[in-house]
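Colleague: Data: entry_8.txt, compact mmCIF, C-alpha atoms.
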```txt
# COMPACT_ATOMS: atom_id res chain seq x y z
CA GLY Y 1 155.22 73.99 -48.11
CA GLN Y 2 154.83 76.35 -51.09
CA PRO Y 3 153.88 75.52 -54.69
CA VAL Y 4 156.95 74.93 -56.86
CA GLU Y 5 157.29 77.55 -59.59
CA ARG Y 6 158.97 76.98 -62.94
CA ALA Y 7 158.94 73.18 -62.83
CA VAL Y 8 158.17 70.55 -65.45
CA VAL Y 9 155.43 68.00 -64.84
CA ALA Y 10 155.15 64.92 -67.04
CA LEU Y 11 152.84 61.94 -67.28
CA HIS Y 12 154.24 58.84 -69.02
CA PRO Y 13 151.54 56.34 -70.12
CA VAL Y 14 152.56 52.87 -68.92
CA ALA Y 15 151.14 51.41 -72.14
CA GLY Y 16 153.48 53.66 -74.12
CA ALA Y 17 153.03 57.05 -75.69
CA PRO Y 18 151.95 57.47 -79.29
CA PRO Y 19 154.65 59.10 -81.43
CA ALA Y 20 154.03 62.78 -81.98
CA ALA Y 21 155.08 64.96 -84.88
CA ALA Y 22 158.30 66.86 -84.21
CA ARG Y 23 157.85 70.48 -83.21
CA GLU Y 24 160.14 73.50 -83.24
CA TRP Y 25 160.79 75.67 -80.21
CA LEU Y 26 162.74 78.86 -79.46
CA VAL Y 27 165.27 79.64 -76.75
CA ASP Y 28 166.22 83.26 -77.37
CA GLN Y 29 169.06 85.23 -75.84
CA VAL Y 30 167.86 88.55 -74.46
CA ASP Y 31 169.80 90.85 -72.09
CA LYS Y 32 172.43 88.12 -71.56
CA ARG Y 33 169.76 85.62 -70.45
CA PHE Y 34 168.16 82.59 -72.06
CA VAL Y 35 164.44 83.14 -72.63
CA PRO Y 36 162.85 80.90 -71.54
CA ALA Y 37 165.30 79.63 -68.92
CA LEU Y 38 163.26 76.42 -68.58
CA LEU Y 39 161.84 74.49 -71.52
CA ALA Y 40 160.22 71.07 -71.88
CA ILE Y 41 160.17 69.35 -75.26
CA GLN Y 42 159.59 65.87 -76.65
CA VAL Y 43 162.23 63.55 -78.10
CA GLY Y 44 162.73 64.49 -81.77
CA ASP Y 45 161.80 68.15 -81.32
CA ARG Y 46 164.07 70.92 -82.63
CA VAL Y 47 165.10 74.13 -80.88
CA ASN Y 48 166.16 77.36 -82.58
CA PHE Y 49 168.56 79.60 -80.66
CA PRO Y 50 168.18 83.15 -82.00
CA ASN Y 51 170.31 85.85 -80.46
CA SER Y 52 168.30 89.04 -79.90
CA ASP Y 53 171.18 90.73 -78.09
CA ASN Y 54 173.41 93.15 -79.95
CA ILE Y 55 176.44 91.12 -78.82
CA ARG Y 56 177.71 87.68 -79.74
CA HIS Y 57 176.97 84.51 -77.77
CA HIS Y 58 178.45 81.00 -77.86
CA VAL Y 59 175.75 78.54 -76.74
CA TYR Y 60 176.80 75.07 -75.63
CA SER Y 61 175.73 71.94 -73.76
CA PHE Y 62 177.91 69.11 -72.50
CA SER Y 63 174.94 67.19 -71.09
CA PRO Y 64 174.75 63.42 -71.78
CA ALA Y 65 171.28 63.85 -73.36
CA LYS Y 66 172.64 66.33 -75.93
CA THR Y 67 176.11 67.73 -76.55
CA PHE Y 68 176.43 70.64 -78.99
CA GLU Y 69 177.99 74.03 -79.58
CA LEU Y 70 176.79 77.05 -81.51
CA PRO Y 71 180.05 78.99 -81.90
CA LEU Y 72 180.19 82.74 -81.59
CA TYR Y 73 177.23 84.21 -83.44
CA HIS Y 74 174.79 87.10 -83.58
CA GLY Y 75 171.36 86.62 -85.13
CA ILE Y 76 170.06 83.15 -85.98
CA PRO Y 77 172.26 80.06 -86.46
CA ALA Y 78 171.80 78.22 -89.75
CA ALA Y 79 169.94 75.19 -88.40
CA PRO Y 80 167.92 74.30 -85.31
CA VAL Y 81 169.30 71.74 -82.87
CA THR Y 82 167.46 68.38 -82.82
CA PHE Y 83 167.14 66.57 -79.48
CA GLU Y 84 167.13 62.81 -80.09
CA ARG Y 85 167.44 61.49 -76.51
CA ALA Y 86 165.40 61.96 -73.34
CA GLY Y 87 167.09 63.68 -70.43
CA LYS Y 88 168.09 66.99 -68.87
CA VAL Y 89 170.11 69.39 -71.03
CA VAL Y 90 171.90 72.27 -69.31
CA LEU Y 91 172.73 75.24 -71.53
CA GLY Y 92 175.47 77.80 -71.05
CA CYS Y 93 177.23 80.58 -72.90
CA ASN Y 94 180.97 80.28 -73.29
CA ILE Y 95 181.32 84.08 -73.13
CA HIS Y 96 178.80 84.97 -70.39
CA ASP Y 97 179.29 82.47 -67.55
CA ARG Y 98 176.14 83.44 -65.64
CA MET Y 99 173.85 82.55 -68.53
CA ALA Y 100 172.18 79.20 -67.87
CA ALA Y 101 169.03 77.41 -68.97
CA HIS Y 102 167.56 73.92 -68.75
CA ILE Y 103 165.78 71.88 -71.40
CA TYR Y 104 164.00 68.69 -70.36
CA VAL Y 105 163.65 66.30 -73.29
CA LEU Y 106 160.79 63.91 -72.56
CA ASP Y 107 159.56 60.64 -74.05
CA THR Y 108 155.89 61.53 -73.59
CA PRO Y 109 153.50 64.05 -75.16
CA TRP Y 110 151.94 64.76 -71.74
CA PHE Y 111 154.11 67.46 -70.17
CA ALA Y 112 154.03 71.13 -69.21
CA VAL Y 113 156.12 73.85 -67.60
CA VAL Y 114 154.12 75.01 -64.60
CA GLU Y 115 154.29 78.58 -63.35
CA ASN Y 116 152.26 78.41 -60.14
CA GLY Y 117 152.80 74.85 -58.94
CA SER Y 118 149.90 73.21 -60.75
CA HIS Y 119 148.78 72.20 -64.22
CA ARG Y 120 145.64 70.70 -65.69
CA PHE Y 121 146.04 68.14 -68.48
CA ASP Y 122 143.10 67.93 -70.87
CA GLY Y 123 142.38 64.85 -72.97
CA LEU Y 124 144.06 62.26 -70.75
CA ALA Y 125 142.56 58.80 -71.05
CA PRO Y 126 141.93 56.88 -67.82
CA GLY Y 127 144.71 54.39 -67.15
CA ASP Y 128 148.10 53.87 -65.58
CA TYR Y 129 150.76 56.59 -65.79
CA GLU Y 130 154.14 57.30 -64.32
CA ALA Y 131 154.14 60.89 -63.04
CA GLU Y 132 157.23 62.99 -62.43
CA VAL Y 133 158.19 66.53 -61.48
CA LEU Y 134 161.44 67.96 -62.84
CA HIS Y 135 163.16 71.09 -61.54
CA PRO Y 136 166.69 72.47 -62.04
CA ALA Y 137 167.21 72.64 -58.26
CA GLN Y 138 166.17 69.06 -57.49
CA ALA Y 139 168.33 67.55 -54.78
CA GLU Y 140 168.34 64.13 -56.44
CA ALA Y 141 167.28 62.50 -59.69
CA ALA Y 142 163.55 62.71 -60.36
CA GLN Y 143 161.59 59.62 -59.42
CA ARG Y 144 158.55 58.50 -61.35
CA THR Y 145 155.46 57.69 -59.30
CA LEU Y 146 152.99 55.10 -60.60
CA VAL Y 147 149.45 56.49 -60.59
CA HIS Y 148 146.14 55.16 -61.82
CA LEU Y 149 143.77 57.75 -63.24
CA ALA Y 150 140.24 56.43 -63.11
CA ALA Y 151 138.66 59.68 -64.27
CA ALA Y 152 139.71 62.82 -66.09
CA THR Y 153 139.15 64.98 -62.98
CA GLU Y 154 141.61 63.33 -60.57
CA VAL Y 155 144.11 65.50 -58.74
CA LEU Y 156 147.72 64.41 -58.15
CA THR Y 157 149.93 66.01 -55.53
CA MET Y 158 153.68 65.52 -55.79
CA THR Y 159 156.45 66.97 -53.62
CA PRO Y 160 159.92 67.25 -55.16
CA THR Y 161 162.91 67.81 -52.87
CA LEU Y 162 164.72 70.99 -53.93
CA GLN Y 163 168.19 72.16 -52.96
CA PRO Y 164 168.51 75.57 -51.33
CA PRO Y 165 170.14 78.21 -53.58
CA ARG Y 166 173.92 78.06 -53.48
CA PRO Y 167 175.63 81.11 -52.01
CA VAL Y 168 177.78 83.04 -54.44
CA ASP Y 169 181.48 82.33 -53.83
CA ASP Y 170 183.48 85.53 -54.35
CA THR Y 171 186.75 84.12 -52.97
CA ALA Y 172 188.04 83.31 -56.47
CA LEU Y 173 187.57 86.92 -57.60
CA SER Y 174 190.50 89.30 -57.63
CA PRO Y 175 190.38 92.24 -55.18
CA LEU Y 176 189.62 94.56 -58.12
CA ALA Y 177 186.75 92.31 -59.31
CA ARG Y 178 185.29 92.16 -55.76
CA LYS Y 179 185.42 95.96 -55.52
CA PHE Y 180 183.79 96.32 -58.95
CA LYS Y 181 181.04 93.86 -57.95
CA ALA Y 182 180.43 95.70 -54.65
CA ASN Y 183 180.21 99.06 -56.45
CA ALA Y 184 177.90 97.64 -59.11
CA LYS Y 185 175.63 96.15 -56.41
CA SER Y 186 175.44 99.42 -54.45
CA ALA Y 187 174.73 101.34 -57.68
CA TRP Y 188 171.90 98.87 -58.44
CA VAL Y 189 170.45 99.20 -54.92
CA SER Y 190 170.50 103.01 -55.15
CA ARG Y 191 168.55 102.87 -58.45
CA THR Y 192 165.76 100.69 -57.07
```
Before we go any further, please render this structure as structure tokens.
Modeller:
Amino acid sequence: GQPVERAVVALHPVAGAPPAAAREWLVDQVDKRFVPALLAIQVGDRVNFPNSDNIRHHVYSFSPAKTFELPLYHGIPAAPVTFERAGKVVLGCNIHDRMAAHIYVLDTPWFAVVENGSHRFDGLAPGDYEAEVLHPAQAEAAQRTLVHLAAATEVLTMTPTLQPPRPVDDTALSPLARKFKANAKSAWVSRT
């Protein structure tokens, strides 16, 4: 019943989308996190992966839409990564397991990452579109909904089904690691 935050909305013209010039994007690594953790790009776009941390990272994806590795590095890798196929790309760091990010590679120029559950597209021509909402916690594959926009001021409401957050499983941790985690958590709570 609440607006979905940090989701991607996309409108795919049924008549086809005009090709757009490739753009370059950034997914930085700051404080052992990907920034941004959610990115939407178009097929053919390139992404640079600078490392602003003072430690090394090893960025990778084994997603069907794009498989790549940027072995252990600090600073800026030599070349950006080009995304040639539409789909969801999940990023990780081979050194820091909790680092994760999602890139949605889309075959339309009409997309946005929404922060507060809504987005306004300017310059859309009236016509038929397939609309979709994409979110890392979607319970099932995103479905496109056929919509007809008769005017530039129409409002679409879509409701994706999201999975509840998974509980953290500490059973695989050693007793020493569980104790360290408990002490770190209590130290964090006492600082806040």
Colleague: List as a PDB file with C-alpha atoms, keeping the file's coordinate frame the protein and nucleic acid residues near segment 40-45 of chain Y, meaning an atom at most 10 Å away when all atoms listed in the file are counted, but skip any in the same chain fewer than 5 places from it.
Modeller:
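around.pdb was written with the following content:
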```pdb
ATOM      1  CA  ALA Y   7     158.940  73.180 -62.830  1.00  0.00           C
ATOM      2  CA  VAL Y   8     158.170  70.550 -65.450  1.00  0.00           C
ATOM      3  CA  VAL Y   9     155.430  68.000 -64.840  1.00  0.00           C
ATOM      4  CA  ALA Y  10     155.150  64.920 -67.040  1.00  0.00           C
ATOM      5  CA  PRO Y  19     154.650  59.100 -81.430  1.00  0.00           C
ATOM      6  CA  ALA Y  20     154.030  62.780 -81.980  1.00  0.00           C
ATOM      7  CA  ALA Y  21     155.080  64.960 -84.880  1.00  0.00           C
ATOM      8  CA  ALA Y  22     158.300  66.860 -84.210  1.00  0.00           C
ATOM      9  CA  ARG Y  23     157.850  70.480 -83.210  1.00  0.00           C
ATOM     10  CA  GLU Y  24     160.140  73.500 -83.240  1.00  0.00           C
ATOM     11  CA  TRP Y  25     160.790  75.670 -80.210  1.00  0.00           C
ATOM     12  CA  PRO Y  80     167.920  74.300 -85.310  1.00  0.00           C
ATOM     13  CA  VAL Y  81     169.300  71.740 -82.870  1.00  0.00           C
ATOM     14  CA  THR Y  82     167.460  68.380 -82.820  1.00  0.00           C
ATOM     15  CA  PHE Y  83     167.140  66.570 -79.480  1.00  0.00           C
ATOM     16  CA  GLU Y  84     167.130  62.810 -80.090  1.00  0.00           C
ATOM     17  CA  ARG Y  85     167.440  61.490 -76.510  1.00  0.00           C
ATOM     18  CA  ALA Y  86     165.400  61.960 -73.340  1.00  0.00           C
ATOM     19  CA  GLY Y  87     167.090  63.680 -70.430  1.00  0.00           C
ATOM     20  CA  LYS Y  88     168.090  66.990 -68.870  1.00  0.00           C
ATOM     21  CA  HIS Y 102     167.560  73.920 -68.750  1.00  0.00           C
ATOM     22  CA  ILE Y 103     165.780  71.880 -71.400  1.00  0.00           C
ATOM     23  CA  TYR Y 104     164.000  68.690 -70.360  1.00  0.00           C
ATOM     24  CA  VAL Y 105     163.650  66.300 -73.290  1.00  0.00           C
ATOM     25  CA  LEU Y 106     160.790  63.910 -72.560  1.00  0.00           C
ATOM     26  CA  ASP Y 107     159.560  60.640 -74.050  1.00  0.00           C
ATOM     27  CA  THR Y 108     155.890  61.530 -73.590  1.00  0.00           C
ATOM     28  CA  PRO Y 109     153.500  64.050 -75.160  1.00  0.00           C
ATOM     29  CA  TRP Y 110     151.940  64.760 -71.740  1.00  0.00           C
ATOM     30  CA  PHE Y 111     154.110  67.460 -70.170  1.00  0.00           C
ATOM     31  CA  ALA Y 112     154.030  71.130 -69.210  1.00  0.00           C
ATOM     32  CA  VAL Y 113     156.120  73.850 -67.600  1.00  0.00           C
ATOM     33  CA  LEU Y 134     161.440  67.960 -62.840  1.00  0.00           C
TER      34      LEU Y 134
END
```
Colleague: Work out how far apart atom CA of Gln2 of chain Y and atom CA of Leu39 of chain Y are and give it in Å to one decimal.
Modeller: 21.7 Å
Colleague: Using only C-alpha atoms, determine which residues lie at most 9 Å from Leu124 of chain Y, disregarding the query and same-chain residues fewer than 2 positions distant; provide the list as a list in words.
Modeller: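 What passes the distance filter is Trp110, Phe121, Asp122, Pro126, Gly127, Leu149, Ala151 and Ala152 of chain Y.
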Colleague: I'd like the contact shell of Pro71 of chain Y - 9 Å cut-off, all atoms listed in the file, skipping same-chain residues fewer than 3 positions apart - returned as a list in words.
Modeller: His57, His58, Val59, Tyr60 and Asn94 of chain Y
Colleague: Within 7 Å of (148.5, 52.7, -65.5) (coordinates as in the file), grab all the protein and nucleic acid residues, counting all atoms listed in the file, and write them out as a list in words.
Modeller: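 Those residues, ordered by chain and then number, are Pro13, Val14, Gly127, Asp128, Tyr129, Val147 and His148 of chain Y.
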Colleague: From the options Y:Ile95, Y:Ala125, Y:Ala17, Y:Val47, which residue's atoms come nearest to Tyr73 of chain Y, counting all atoms listed in the file?
Modeller: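 Checking each candidate against Tyr73 of chain Y, we get Y:Ile95 as the closest.
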Colleague: Please measure the separation of atom CA of Val4 of chain Y and atom CA of Gly92 of chain Y, giving the value in Å to one decimal.
Modeller: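 One can read the atom CA of Val4 of chain Y to atom CA of Gly92 of chain Y distance as 23.5 Å.
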Colleague: Give me the residues near Lys32 of chain Y as a ChimeraX atom specification, where near means some atom within 8 Å (using all atoms listed in the file) and where sequence neighbours in that chain fewer than 3 positions away do not count.
Modeller: /Y:29,53,96,99
Colleague: For the atom pair atom CA of Ala65 of chain Y and atom CA of Arg6 of chain Y, what is the interatomic distance in Å to one decimal place?
Modeller: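 According to the coordinates, atom CA of Ala65 of chain Y and atom CA of Arg6 of chain Y are separated by 20.8 Å.
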Colleague: Determine, counting only C-alpha atoms, which protein, DNA and RNA residues have an atom within 8 Å of an atom of Thr145 of chain Y; residues of the same chain fewer than 2 positions away are not included. Present the result as a list in words.
Modeller: Glu130, Ala131, Glu132, Gln143 and Val147 of chain Y
Colleague: Go through Y:Val35, Y:Gly123, Y:Leu11, Y:Asn48 and flag the residue nearest Ala78 of chain Y, using all atoms listed in the file for the distances.
Modeller: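 Checking each candidate against Ala78 of chain Y, we get Y:Asn48 as the closest.
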Colleague: Tell me which of Y:Arg98, Y:His12, Y:Arg46, Y:His135 sits closest to Leu26 of chain Y, counting all atoms listed in the file.
Modeller: Y:Arg46
Colleague: Using all atoms listed in the file, which of Y:His119, Y:Leu70, Y:Ile76, Y:Ala15 sits nearest Cys93 of chain Y?
Modeller: Y:Leu70
Colleague: Given 6 Å of margin on each side, can you work out the centre and size in Å (one decimal) of an axis-aligned box holding every listed atom of segment 57-62 of chain Y, as AutoDock Vina command-line options?
Modeller:
```
--center_x 177.1 --center_y 76.8 --center_z -75.2 --size_x 14.7 --size_y 27.4 --size_z 17.4
```
Colleague: Would you fill the gaps in segment 59-70 of chain Y so it has all heavy atoms, then print it as a PDB file, in the frame of the given file?
Modeller:
```
ATOM      1  N   VAL Y  59     176.604  79.454 -77.493  1.00  0.00           N
ATOM      2  CA  VAL Y  59     175.750  78.540 -76.740  1.00  0.00           C
ATOM      3  C   VAL Y  59     176.335  77.134 -76.800  1.00  0.00           C
ATOM      4  O   VAL Y  59     176.804  76.700 -77.842  1.00  0.00           O
ATOM      5  CB  VAL Y  59     174.312  78.557 -77.311  1.00  0.00           C
ATOM      6  CG1 VAL Y  59     173.429  77.547 -76.594  1.00  0.00           C
ATOM      7  CG2 VAL Y  59     173.722  79.953 -77.203  1.00  0.00           C
ATOM      8  N   TYR Y  60     176.283  76.438 -75.662  1.00  0.00           N
ATOM      9  CA  TYR Y  60     176.800  75.070 -75.630  1.00  0.00           C
ATOM     10  C   TYR Y  60     176.039  74.227 -74.608  1.00  0.00           C
ATOM     11  O   TYR Y  60     175.357  74.748 -73.721  1.00  0.00           O
ATOM     12  CB  TYR Y  60     178.285  75.055 -75.268  1.00  0.00           C
ATOM     13  CG  TYR Y  60     178.546  75.457 -73.837  1.00  0.00           C
ATOM     14  CD1 TYR Y  60     178.551  74.515 -72.819  1.00  0.00           C
ATOM     15  CD2 TYR Y  60     178.765  76.789 -73.492  1.00  0.00           C
ATOM     16  CE1 TYR Y  60     178.762  74.884 -71.503  1.00  0.00           C
ATOM     17  CE2 TYR Y  60     178.984  77.165 -72.184  1.00  0.00           C
ATOM     18  CZ  TYR Y  60     178.987  76.199 -71.188  1.00  0.00           C
ATOM     19  OH  TYR Y  60     179.184  76.573 -69.891  1.00  0.00           O
ATOM     20  N   SER Y  61     176.173  72.907 -74.753  1.00  0.00           N
ATOM     21  CA  SER Y  61     175.730  71.940 -73.760  1.00  0.00           C
ATOM     22  C   SER Y  61     176.682  70.759 -73.798  1.00  0.00           C
ATOM     23  O   SER Y  61     177.015  70.263 -74.876  1.00  0.00           O
ATOM     24  CB  SER Y  61     174.312  71.439 -74.048  1.00  0.00           C
ATOM     25  OG  SER Y  61     174.031  70.318 -73.212  1.00  0.00           O
ATOM     26  N   PHE Y  62     177.095  70.322 -72.623  1.00  0.00           N
ATOM     27  CA  PHE Y  62     177.910  69.110 -72.500  1.00  0.00           C
ATOM     28  C   PHE Y  62     177.121  68.028 -71.779  1.00  0.00           C
ATOM     29  O   PHE Y  62     177.690  67.091 -71.241  1.00  0.00           O
ATOM     30  CB  PHE Y  62     179.220  69.425 -71.759  1.00  0.00           C
ATOM     31  CG  PHE Y  62     180.079  70.413 -72.499  1.00  0.00           C
ATOM     32  CD1 PHE Y  62     180.449  71.616 -71.926  1.00  0.00           C
ATOM     33  CD2 PHE Y  62     180.501  70.147 -73.792  1.00  0.00           C
ATOM     34  CE1 PHE Y  62     181.230  72.526 -72.612  1.00  0.00           C
ATOM     35  CE2 PHE Y  62     181.284  71.052 -74.489  1.00  0.00           C
ATOM     36  CZ  PHE Y  62     181.657  72.242 -73.898  1.00  0.00           C
ATOM     37  N   SER Y  63     175.806  68.143 -71.774  1.00  0.00           N
ATOM     38  CA  SER Y  63     174.940  67.190 -71.090  1.00  0.00           C
ATOM     39  C   SER Y  63     174.906  65.860 -71.842  1.00  0.00           C
ATOM     40  O   SER Y  63     174.934  65.836 -73.073  1.00  0.00           O
ATOM     41  CB  SER Y  63     173.518  67.749 -70.998  1.00  0.00           C
ATOM     42  OG  SER Y  63     173.528  68.987 -70.325  1.00  0.00           O
ATOM     43  N   PRO Y  64     174.812  64.727 -71.115  1.00  0.00           N
ATOM     44  CA  PRO Y  64     174.750  63.420 -71.780  1.00  0.00           C
ATOM     45  C   PRO Y  64     173.570  63.298 -72.754  1.00  0.00           C
ATOM     46  O   PRO Y  64     173.699  62.628 -73.779  1.00  0.00           O
ATOM     47  CB  PRO Y  64     174.598  62.432 -70.618  1.00  0.00           C
ATOM     48  CG  PRO Y  64     175.181  63.141 -69.438  1.00  0.00           C
ATOM     49  CD  PRO Y  64     174.890  64.604 -69.659  1.00  0.00           C
ATOM     50  N   ALA Y  65     172.444  63.947 -72.463  1.00  0.00           N
ATOM     51  CA  ALA Y  65     171.280  63.850 -73.360  1.00  0.00           C
ATOM     52  C   ALA Y  65     171.506  64.573 -74.680  1.00  0.00           C
ATOM     53  O   ALA Y  65     170.914  64.206 -75.697  1.00  0.00           O
ATOM     54  CB  ALA Y  65     170.027  64.387 -72.674  1.00  0.00           C
ATOM     55  N   LYS Y  66     172.353  65.598 -74.694  1.00  0.00           N
ATOM     56  CA  LYS Y  66     172.640  66.330 -75.930  1.00  0.00           C
ATOM     57  C   LYS Y  66     173.880  67.192 -75.731  1.00  0.00           C
ATOM     58  O   LYS Y  66     173.905  68.084 -74.879  1.00  0.00           O
ATOM     59  CB  LYS Y  66     171.464  67.216 -76.353  1.00  0.00           C
ATOM     60  CG  LYS Y  66     171.655  67.915 -77.680  1.00  0.00           C
ATOM     61  CD  LYS Y  66     171.718  66.922 -78.832  1.00  0.00           C
ATOM     62  CE  LYS Y  66     171.830  67.615 -80.169  1.00  0.00           C
ATOM     63  NZ  LYS Y  66     171.786  66.647 -81.273  1.00  0.00           N
ATOM     64  N   THR Y  67     174.892  66.923 -76.537  1.00  0.00           N
ATOM     65  CA  THR Y  67     176.110  67.730 -76.550  1.00  0.00           C
ATOM     66  C   THR Y  67     176.135  68.504 -77.858  1.00  0.00           C
ATOM     67  O   THR Y  67     175.954  67.905 -78.923  1.00  0.00           O
ATOM     68  CB  THR Y  67     177.357  66.828 -76.446  1.00  0.00           C
ATOM     69  OG1 THR Y  67     177.277  66.110 -75.214  1.00  0.00           O
ATOM     70  CG2 THR Y  67     178.625  67.644 -76.476  1.00  0.00           C
ATOM     71  N   PHE Y  68     176.327  69.824 -77.775  1.00  0.00           N
ATOM     72  CA  PHE Y  68     176.430  70.640 -78.990  1.00  0.00           C
ATOM     73  C   PHE Y  68     177.054  71.975 -78.656  1.00  0.00           C
ATOM     74  O   PHE Y  68     177.147  72.360 -77.494  1.00  0.00           O
ATOM     75  CB  PHE Y  68     175.053  70.836 -79.645  1.00  0.00           C
ATOM     76  CG  PHE Y  68     174.107  71.707 -78.858  1.00  0.00           C
ATOM     77  CD1 PHE Y  68     174.002  73.072 -79.123  1.00  0.00           C
ATOM     78  CD2 PHE Y  68     173.321  71.180 -77.841  1.00  0.00           C
ATOM     79  CE1 PHE Y  68     173.140  73.881 -78.400  1.00  0.00           C
ATOM     80  CE2 PHE Y  68     172.453  71.977 -77.123  1.00  0.00           C
ATOM     81  CZ  PHE Y  68     172.361  73.331 -77.400  1.00  0.00           C
ATOM     82  N   GLU Y  69     177.481  72.666 -79.692  1.00  0.00           N
ATOM     83  CA  GLU Y  69     177.990  74.030 -79.580  1.00  0.00           C
ATOM     84  C   GLU Y  69     177.477  74.845 -80.749  1.00  0.00           C
ATOM     85  O   GLU Y  69     177.404  74.343 -81.867  1.00  0.00           O
ATOM     86  CB  GLU Y  69     179.521  74.052 -79.613  1.00  0.00           C
ATOM     87  CG  GLU Y  69     180.180  73.638 -78.334  1.00  0.00           C
ATOM     88  CD  GLU Y  69     181.667  73.896 -78.376  1.00  0.00           C
ATOM     89  OE1 GLU Y  69     182.061  75.086 -78.261  1.00  0.00           O
ATOM     90  OE2 GLU Y  69     182.408  72.917 -78.527  1.00  0.00           O
ATOM     91  N   LEU Y  70     177.118  76.069 -80.471  1.00  0.00           N
ATOM     92  CA  LEU Y  70     176.790  77.050 -81.510  1.00  0.00           C
ATOM     93  C   LEU Y  70     177.820  78.154 -81.367  1.00  0.00           C
ATOM     94  O   LEU Y  70     177.638  79.090 -80.585  1.00  0.00           O
ATOM     95  CB  LEU Y  70     175.364  77.586 -81.330  1.00  0.00           C
ATOM     96  CG  LEU Y  70     174.250  76.544 -81.376  1.00  0.00           C
ATOM     97  CD1 LEU Y  70     172.911  77.182 -81.042  1.00  0.00           C
ATOM     98  CD2 LEU Y  70     174.201  75.873 -82.728  1.00  0.00           C
TER      99      LEU Y  70
END
```
